[in-house]
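Colleague: Attaching a single structure in structure tokens format; questions to follow.
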Amino acid sequence: MTKPLCAMLVHAHPDDEVIPTGGFLARCADEGITTVLVTCTDGSQGFGPDFVNSGDVGHSPESVARVRRGELEASCEILGVSHLELLGYADSGMEGWEANRNPDSFCQADLQEASERLSTLIRRYEPDVLITYASNGGSGHPDHVNAHLITLLADGMTDIAKKLYFVVRSTEFNERVRRARESIEMDVQRPESGVRDARPNIDHLITTVIDTSATVARKQRAMHAHVSQLRGSHWLQLDEESLRDLFSTETYIRARDKTGAPVPENDIFAGLRHPEAAP
């Protein structure tokens, strides 16, 4: 019997799986494709109750991590993720935060050791495809950057995956998000989280645009599962039409390929499917 196709996605925090890759995960579930979500950190530097920031009175990293673990598991169930694996590092917080100094934080991790943890999972699941962030982590967040680095290192250690992808936001997507954000009146005042938009224009590098229009409703539900972090954000206040405009496609850069499939492509598994299984 032919082994089912398998994709492994390496993300930094709980909730990172939804906005950039939730459509792909749900589509894989529809197609009977195995997905492995690797989440590198516990998300403990996220918002506490009432948007309490890390280091402020009332913020408990342990409590935040516990809540976010539950939210991550709920999101995975909605999106149909086959396997959730946690690397177990502490959330580093944004660059310059006190949490960066935590020896258990992902930004303090020995990259060789972290890559070996990931390599163990790659050998266990034998994914056909690996997916992570581009070199700046998509936003410059230190945990995202390290997720990128250990994925490249583990890919080289194992040489199992036949394709490697970086998930990216197109300039068009960022512009649609900006317009959508401006079209709504926020019903909750959210504090600054320290996130900075550090996304360069790399549209010319995009090789892969996949149709995720059939998964928008599930992607919306998965975003709502992460309510502790996304409450009051535009993501949870946009109407169905706006969400469909934003999430009808997802974009990726094919960074490595053993299949010889031509690009541009509309299928991450191009070159890996049996002809009768093409989407």
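Here, A, B, ... name the chains of the structure tokens in the order displayed, residue numbers run from 1 inside each chain, and ligands are numbered from 1 in the same displayed order.
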DSSP on the backbone, then: every residue of stretch 98-266 of chain A marked helix (DSSP H, G or I), written as a PyMOL selection string.

Modeller: chain A and resi 98-101+106-108+111-125+142-158+171-182+203-205+213-225+227-230+234-236+240-247

Colleague: Quick one: residues within 12 Å of A:Asp110, only C-alpha atoms, excluding same-chain residues fewer than 5 positions away - as a list in words?

Modeller: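 Counting only the stated atoms, we get Tyr89, Pro103, Asp104, Ser105, Ser115, Glu116, Arg117, Asn146, Leu149 and Ile150 of chain A.
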
Colleague: Go ahead and save the picked residues with N, CA and C atoms, as a short mmCIF file (atom, residue, chain, number, x, y, z; two decimals), in the first residue's frame.

Modeller:
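selection.cif, freshly written:
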```cif
data_model
loop_
_atom_site.label_atom_id
_atom_site.label_comp_id
_atom_site.auth_asym_id
_atom_site.auth_seq_id
_atom_site.Cartn_x
_atom_site.Cartn_y
_atom_site.Cartn_z
N TYR A 89 10.61 24.53 23.91
CA TYR A 89 11.36 25.72 24.32
C TYR A 89 10.43 26.78 24.89
N PRO A 103 17.52 31.18 29.90
CA PRO A 103 18.33 30.13 29.26
C PRO A 103 17.49 29.04 28.60
N ASP A 104 16.21 28.94 28.99
CA ASP A 104 15.34 27.95 28.37
C ASP A 104 14.62 28.48 27.13
N SER A 105 14.83 29.77 26.83
CA SER A 105 14.13 30.37 25.69
C SER A 105 14.70 29.85 24.37
N SER A 115 18.18 21.46 16.32
CA SER A 115 18.06 20.81 15.01
C SER A 115 17.99 19.30 15.14
N GLU A 116 18.73 18.76 16.11
CA GLU A 116 18.68 17.32 16.33
C GLU A 116 17.31 16.89 16.85
N ARG A 117 16.68 17.72 17.70
CA ARG A 117 15.32 17.42 18.15
C ARG A 117 14.37 17.35 16.94
N ASN A 146 14.83 31.49 14.38
CA ASN A 146 15.42 30.21 14.78
C ASN A 146 14.66 29.02 14.21
N LEU A 149 16.09 28.57 10.88
CA LEU A 149 17.45 28.04 10.91
C LEU A 149 17.49 26.56 11.24
N ILE A 150 16.72 26.14 12.25
CA ILE A 150 16.79 24.72 12.62
C ILE A 150 16.14 23.83 11.57
#
```

Colleague: Counting only C-alpha atoms, which of A:Pro61, A:Gly80, A:Gly70, A:Gly138 gets nearest to A:Ala26?

Modeller: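 Of all the options, A:Gly80 lies closest to A:Ala26.
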
Colleague: Just asking: which residues within stretch 143-221 of chain A are strand (DSSP E) according to DSSP, as a list in words?

Modeller: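 Output for stretch 143-221 of chain A, strand (DSSP E) only: Lys163, Leu164, Tyr165, Phe166, Val167, Val168, Thr208, Val209, Ile210 and Asp211 of chain A.
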
Colleague: Okay, now the selection with N, CA and C atoms, as a CSV table (one decimal), in the first residue's frame?

Modeller:
```csv
chain,number,residue,atom,x,y,z
A,163,LYS,N,10.9,18.2,-0.8
A,163,LYS,CA,10.7,19.6,-1.1
A,163,LYS,C,10.7,20.4,0.2
A,164,LEU,N,11.2,21.6,0.1
A,164,LEU,CA,11.3,22.6,1.2
A,164,LEU,C,10.7,23.9,0.8
A,165,TYR,N,9.7,24.4,1.6
A,165,TYR,CA,9.0,25.6,1.3
A,165,TYR,C,9.2,26.6,2.4
A,166,PHE,N,9.2,27.9,2.1
A,166,PHE,CA,9.0,29.0,3.0
A,166,PHE,C,7.7,29.7,2.8
A,167,VAL,N,6.9,29.8,3.9
A,167,VAL,CA,5.6,30.5,3.8
A,167,VAL,C,5.9,32.0,3.8
A,168,VAL,N,5.3,32.8,2.9
A,168,VAL,CA,5.5,34.2,2.8
A,168,VAL,C,4.2,34.9,2.6
A,208,THR,N,4.8,29.5,-5.5
A,208,THR,CA,3.6,28.6,-5.3
A,208,THR,C,2.5,29.4,-4.7
A,209,VAL,N,1.3,29.3,-5.4
A,209,VAL,CA,0.1,29.9,-4.9
A,209,VAL,C,-1.0,28.8,-4.9
A,210,ILE,N,-1.5,28.5,-3.7
A,210,ILE,CA,-2.4,27.4,-3.6
A,210,ILE,C,-3.8,28.0,-3.3
A,211,ASP,N,-4.8,27.3,-3.9
A,211,ASP,CA,-6.2,27.7,-3.7
A,211,ASP,C,-6.7,27.1,-2.3
```

Colleague: Closest to A:Asp159 among A:Arg181, A:His234, A:Lys3, A:Arg123, using only C-alpha atoms?

Modeller: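 Residue with the minimum atom-to-atom distance to A:Asp159: A:Arg123.
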
Colleague: Excluding A:Asp15 and its own-chain neighbours fewer than 5 positions away, which residues fall within 9 Å of it when counting only C-alpha atoms? Please give them as a list in words.

Modeller: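 The neighbour list is Gly43, Arg68, Glu71, Leu72, Ser75, Ala222, Met223, Ala225, His226, Gln229 and Leu230 of chain A.
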
Colleague: What is the distance, in Å and to one decimal place, between atom CA of A:Ser248 and atom CA of A:Ala7?

Modeller: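 Value for the atom CA of A:Ser248-atom CA of A:Ala7 distance: 20.3 Å.
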
Colleague: Rank nothing, just name the residue among A:Thr215, A:His144, A:Asp245, A:Thr158 nearest to A:Glu175, using only C-alpha atoms.

Modeller: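 Ranked by minimum distance to A:Glu175, first place goes to A:Asp245.
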
Colleague: Neighbouring residues of A:Val81 were defined as those with any atom within 9 Å, considering only C-alpha atoms; residues of the same chain fewer than 3 positions away were excluded. Please report them as a PDB file with N, CA and C atoms, in the first residue's frame.

Modeller:
```pdb
ATOM      1  N   LEU A  25      -3.234  23.441   5.799  1.00  0.00           N
ATOM      2  CA  LEU A  25      -3.458  22.330   6.735  1.00  0.00           C
ATOM      3  C   LEU A  25      -4.851  21.735   6.565  1.00  0.00           C
ATOM      4  N   ALA A  26      -5.852  22.603   6.464  1.00  0.00           N
ATOM      5  CA  ALA A  26      -7.219  22.121   6.300  1.00  0.00           C
ATOM      6  C   ALA A  26      -7.400  21.417   4.961  1.00  0.00           C
ATOM      7  N   CYS A  28      -5.116  19.810   3.300  1.00  0.00           N
ATOM      8  CA  CYS A  28      -4.479  18.494   3.421  1.00  0.00           C
ATOM      9  C   CYS A  28      -5.413  17.502   4.110  1.00  0.00           C
ATOM     10  N   ALA A  29      -6.092  17.963   5.161  1.00  0.00           N
ATOM     11  CA  ALA A  29      -7.035  17.082   5.860  1.00  0.00           C
ATOM     12  C   ALA A  29      -8.117  16.604   4.903  1.00  0.00           C
ATOM     13  N   THR A  34      -1.280  13.427   5.388  1.00  0.00           N
ATOM     14  CA  THR A  34      -0.812  13.526   6.767  1.00  0.00           C
ATOM     15  C   THR A  34      -0.106  14.855   6.990  1.00  0.00           C
ATOM     16  N   THR A  35      -0.431  15.531   8.092  1.00  0.00           N
ATOM     17  CA  THR A  35       0.264  16.762   8.455  1.00  0.00           C
ATOM     18  C   THR A  35       0.832  16.641   9.858  1.00  0.00           C
ATOM     19  N   VAL A  36       2.036  17.161  10.017  1.00  0.00           N
ATOM     20  CA  VAL A  36       2.713  17.200  11.313  1.00  0.00           C
ATOM     21  C   VAL A  36       3.022  18.661  11.603  1.00  0.00           C
ATOM     22  N   LEU A  37       2.440  19.188  12.660  1.00  0.00           N
ATOM     23  CA  LEU A  37       2.727  20.557  13.081  1.00  0.00           C
ATOM     24  C   LEU A  37       3.726  20.507  14.223  1.00  0.00           C
ATOM     25  N   SER A  75      -7.197  24.444  17.835  1.00  0.00           N
ATOM     26  CA  SER A  75      -6.959  24.853  16.452  1.00  0.00           C
ATOM     27  C   SER A  75      -6.586  23.659  15.582  1.00  0.00           C
ATOM     28  N   CYS A  76      -5.722  22.798  16.102  1.00  0.00           N
ATOM     29  CA  CYS A  76      -5.301  21.617  15.335  1.00  0.00           C
ATOM     30  C   CYS A  76      -6.490  20.710  15.036  1.00  0.00           C
ATOM     31  N   GLU A  77      -7.389  20.583  15.991  1.00  0.00           N
ATOM     32  CA  GLU A  77      -8.573  19.749  15.760  1.00  0.00           C
ATOM     33  C   GLU A  77      -9.440  20.347  14.658  1.00  0.00           C
ATOM     34  N   ILE A  78      -9.622  21.655  14.683  1.00  0.00           N
ATOM     35  CA  ILE A  78     -10.445  22.321  13.665  1.00  0.00           C
ATOM     36  C   ILE A  78      -9.823  22.159  12.278  1.00  0.00           C
ATOM     37  N   LEU A  84       0.507  16.752  16.349  1.00  0.00           N
ATOM     38  CA  LEU A  84       1.083  17.958  16.945  1.00  0.00           C
ATOM     39  C   LEU A  84       2.294  17.543  17.767  1.00  0.00           C
TER      40      LEU A  84
END
```

Colleague: Tell me, as a PyMOL selection string, which residues lie within 12 Å of A:Asp267, counting only C-alpha atoms; anything in the same chain fewer than 3 positions away does not count.

Modeller: chain A and resi 24+27-28+129+163+165+207-212+249-254+261-264+270-273+277-279

Colleague: Write the residues you've just listed into a file as a PDB file, in the first residue's frame, and include N, CA and C atoms for each of them.

Modeller:
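See out.pdb below for the written result:
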```
ATOM      1  N   PHE A  24      -3.779  25.613   4.072  1.00  0.00           N
ATOM      2  CA  PHE A  24      -3.056  24.444   3.581  1.00  0.00           C
ATOM      3  C   PHE A  24      -3.301  23.234   4.480  1.00  0.00           C
ATOM      4  N   ARG A  27      -6.791  21.945   3.925  1.00  0.00           N
ATOM      5  CA  ARG A  27      -6.901  21.311   2.606  1.00  0.00           C
ATOM      6  C   ARG A  27      -6.246  19.931   2.623  1.00  0.00           C
ATOM      7  N   CYS A  28      -5.116  19.810   3.300  1.00  0.00           N
ATOM      8  CA  CYS A  28      -4.479  18.494   3.421  1.00  0.00           C
ATOM      9  C   CYS A  28      -5.413  17.502   4.110  1.00  0.00           C
ATOM     10  N   VAL A 129       7.399  16.854   2.446  1.00  0.00           N
ATOM     11  CA  VAL A 129       7.526  18.306   2.325  1.00  0.00           C
ATOM     12  C   VAL A 129       7.792  18.900   3.701  1.00  0.00           C
ATOM     13  N   LYS A 163      10.873  18.206  -0.809  1.00  0.00           N
ATOM     14  CA  LYS A 163      10.654  19.612  -1.123  1.00  0.00           C
ATOM     15  C   LYS A 163      10.688  20.418   0.170  1.00  0.00           C
ATOM     16  N   TYR A 165       9.741  24.392   1.618  1.00  0.00           N
ATOM     17  CA  TYR A 165       9.049  25.638   1.301  1.00  0.00           C
ATOM     18  C   TYR A 165       9.165  26.641   2.437  1.00  0.00           C
ATOM     19  N   THR A 207       6.895  31.171  -5.654  1.00  0.00           N
ATOM     20  CA  THR A 207       6.785  30.147  -6.698  1.00  0.00           C
ATOM     21  C   THR A 207       5.450  29.426  -6.672  1.00  0.00           C
ATOM     22  N   THR A 208       4.756  29.506  -5.522  1.00  0.00           N
ATOM     23  CA  THR A 208       3.645  28.595  -5.290  1.00  0.00           C
ATOM     24  C   THR A 208       2.465  29.354  -4.692  1.00  0.00           C
ATOM     25  N   VAL A 209       1.340  29.309  -5.390  1.00  0.00           N
ATOM     26  CA  VAL A 209       0.102  29.929  -4.903  1.00  0.00           C
ATOM     27  C   VAL A 209      -0.958  28.838  -4.879  1.00  0.00           C
ATOM     28  N   ILE A 210      -1.457  28.507  -3.699  1.00  0.00           N
ATOM     29  CA  ILE A 210      -2.424  27.417  -3.610  1.00  0.00           C
ATOM     30  C   ILE A 210      -3.814  27.966  -3.302  1.00  0.00           C
ATOM     31  N   ASP A 211      -4.802  27.303  -3.851  1.00  0.00           N
ATOM     32  CA  ASP A 211      -6.203  27.686  -3.660  1.00  0.00           C
ATOM     33  C   ASP A 211      -6.686  27.150  -2.315  1.00  0.00           C
ATOM     34  N   THR A 212      -7.027  28.059  -1.415  1.00  0.00           N
ATOM     35  CA  THR A 212      -7.528  27.658  -0.095  1.00  0.00           C
ATOM     36  C   THR A 212      -8.931  28.218   0.145  1.00  0.00           C
ATOM     37  N   THR A 249      -6.279  32.295  -1.035  1.00  0.00           N
ATOM     38  CA  THR A 249      -5.015  31.693  -1.480  1.00  0.00           C
ATOM     39  C   THR A 249      -3.975  31.812  -0.365  1.00  0.00           C
ATOM     40  N   GLU A 250      -2.954  30.977  -0.438  1.00  0.00           N
ATOM     41  CA  GLU A 250      -1.760  31.098   0.397  1.00  0.00           C
ATOM     42  C   GLU A 250      -0.544  31.023  -0.516  1.00  0.00           C
ATOM     43  N   THR A 251       0.519  31.733  -0.128  1.00  0.00           N
ATOM     44  CA  THR A 251       1.686  31.863  -1.006  1.00  0.00           C
ATOM     45  C   THR A 251       2.944  31.338  -0.331  1.00  0.00           C
ATOM     46  N   TYR A 252       3.794  30.712  -1.146  1.00  0.00           N
ATOM     47  CA  TYR A 252       4.997  30.050  -0.639  1.00  0.00           C
ATOM     48  C   TYR A 252       6.149  30.239  -1.622  1.00  0.00           C
ATOM     49  N   ILE A 253       7.340  30.103  -1.090  1.00  0.00           N
ATOM     50  CA  ILE A 253       8.558  30.040  -1.909  1.00  0.00           C
ATOM     51  C   ILE A 253       9.078  28.606  -1.854  1.00  0.00           C
ATOM     52  N   ARG A 254       9.255  28.001  -3.003  1.00  0.00           N
ATOM     53  CA  ARG A 254       9.870  26.673  -3.027  1.00  0.00           C
ATOM     54  C   ARG A 254      11.377  26.863  -2.966  1.00  0.00           C
ATOM     55  N   ALA A 261       9.524  19.171 -10.585  1.00  0.00           N
ATOM     56  CA  ALA A 261       8.250  19.789 -10.981  1.00  0.00           C
ATOM     57  C   ALA A 261       8.481  21.247 -11.358  1.00  0.00           C
ATOM     58  N   PRO A 262       7.850  21.711 -12.432  1.00  0.00           N
ATOM     59  CA  PRO A 262       8.083  23.098 -12.866  1.00  0.00           C
ATOM     60  C   PRO A 262       7.441  24.102 -11.918  1.00  0.00           C
ATOM     61  N   VAL A 263       7.981  25.295 -11.918  1.00  0.00           N
ATOM     62  CA  VAL A 263       7.384  26.429 -11.214  1.00  0.00           C
ATOM     63  C   VAL A 263       7.156  27.545 -12.233  1.00  0.00           C
ATOM     64  N   PRO A 264       6.161  28.404 -12.009  1.00  0.00           N
ATOM     65  CA  PRO A 264       5.275  28.448 -10.840  1.00  0.00           C
ATOM     66  C   PRO A 264       4.349  27.231 -10.785  1.00  0.00           C
ATOM     67  N   ALA A 270       3.139  18.990  -5.984  1.00  0.00           N
ATOM     68  CA  ALA A 270       3.436  18.769  -7.402  1.00  0.00           C
ATOM     69  C   ALA A 270       4.728  17.955  -7.529  1.00  0.00           C
ATOM     70  N   GLY A 271       4.680  16.940  -8.373  1.00  0.00           N
ATOM     71  CA  GLY A 271       5.835  16.061  -8.560  1.00  0.00           C
ATOM     72  C   GLY A 271       5.874  14.899  -7.589  1.00  0.00           C
ATOM     73  N   LEU A 272       4.951  14.884  -6.604  1.00  0.00           N
ATOM     74  CA  LEU A 272       4.935  13.821  -5.611  1.00  0.00           C
ATOM     75  C   LEU A 272       3.684  12.955  -5.700  1.00  0.00           C
ATOM     76  N   ARG A 273       2.644  13.477  -6.302  1.00  0.00           N
ATOM     77  CA  ARG A 273       1.370  12.755  -6.364  1.00  0.00           C
ATOM     78  C   ARG A 273       1.398  11.714  -7.479  1.00  0.00           C
ATOM     79  N   ALA A 277      -4.129  11.207  -8.558  1.00  0.00           N
ATOM     80  CA  ALA A 277      -4.417  11.923  -7.311  1.00  0.00           C
ATOM     81  C   ALA A 277      -4.187  13.415  -7.430  1.00  0.00           C
ATOM     82  N   ALA A 278      -3.908  13.918  -8.598  1.00  0.00           N
ATOM     83  CA  ALA A 278      -3.676  15.357  -8.761  1.00  0.00           C
ATOM     84  C   ALA A 278      -4.927  16.126  -8.378  1.00  0.00           C
ATOM     85  N   PRO A 279      -4.757  17.330  -7.744  1.00  0.00           N
ATOM     86  CA  PRO A 279      -5.918  18.076  -7.278  1.00  0.00           C
ATOM     87  C   PRO A 279      -6.729  18.666  -8.415  1.00  0.00           C
TER      88      PRO A 279
END
```

Colleague: Need the shell around stretch 236-242 of chain A: protein/DNA/RNA residues with any atom at most 10 Å away, counting only C-alpha atoms. Skip same-chain ones fewer than 3 positions apart. Format as number ranges by chain?

Modeller: A: 176-177, 179-181, 183-187, 216-217, 220-221, 223-224, 226-227, 230-233, 245-247

Colleague: Give me the residues within 10 Å of A:Leu130 as a list in words, counting only C-alpha atoms and dropping any in the same chain fewer than 4 places off.

Modeller: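 Near neighbours after the sequence-gap exclusion: Cys6, Ala7, Met8, Leu9, Val10, Val36, Ile122, Glu126, Thr151, Leu152, Asp155, Ile160, Ala161, Lys162, Lys163, Leu164, Tyr165, Phe166, Ala255 and Arg256 of chain A.
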
Colleague: Take the selection from the previous step and output its residues with C-alpha atoms, as an mmCIF file, in the first residue's frame.

Modeller:
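Result file follows (out-v8.cif):
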```
data_model
loop_
_atom_site.group_PDB
_atom_site.id
_atom_site.type_symbol
_atom_site.label_atom_id
_atom_site.label_comp_id
_atom_site.auth_asym_id
_atom_site.auth_seq_id
_atom_site.Cartn_x
_atom_site.Cartn_y
_atom_site.Cartn_z
ATOM 1 C CA CYS A 6 3.063 13.913 4.472
ATOM 2 C CA ALA A 7 3.910 17.560 5.177
ATOM 3 C CA MET A 8 5.714 18.811 8.274
ATOM 4 C CA LEU A 9 5.281 22.467 9.223
ATOM 5 C CA VAL A 10 7.687 24.097 11.678
ATOM 6 C CA VAL A 36 2.713 17.200 11.313
ATOM 7 C CA ILE A 122 11.691 14.179 10.565
ATOM 8 C CA GLU A 126 9.441 10.963 6.971
ATOM 9 C CA THR A 151 14.547 23.582 9.777
ATOM 10 C CA LEU A 152 17.332 24.176 7.279
ATOM 11 C CA ASP A 155 16.700 19.180 6.509
ATOM 12 C CA ILE A 160 14.438 12.957 3.743
ATOM 13 C CA ALA A 161 12.037 15.643 2.554
ATOM 14 C CA LYS A 162 11.788 15.996 -1.187
ATOM 15 C CA LYS A 163 10.654 19.612 -1.123
ATOM 16 C CA LEU A 164 11.268 22.559 1.214
ATOM 17 C CA TYR A 165 9.049 25.638 1.301
ATOM 18 C CA PHE A 166 9.031 29.018 2.999
ATOM 19 C CA ALA A 255 13.399 26.693 -1.600
ATOM 20 C CA ARG A 256 14.512 23.169 -2.475
#
```

Colleague: From the options A:Ser213, A:Ser170, A:Ser135, A:Ser119, which residue's atoms come nearest to A:Gly156, counting only C-alpha atoms?

Modeller: A:Ser119

Colleague: Go through A:Glu113, A:Asp42, A:Asp50, A:Glu182 and flag the residue nearest A:Gly93, using only C-alpha atoms for the distances.

Modeller: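 Counting only C-alpha atoms, the residue closest to A:Gly93 is A:Asp42.
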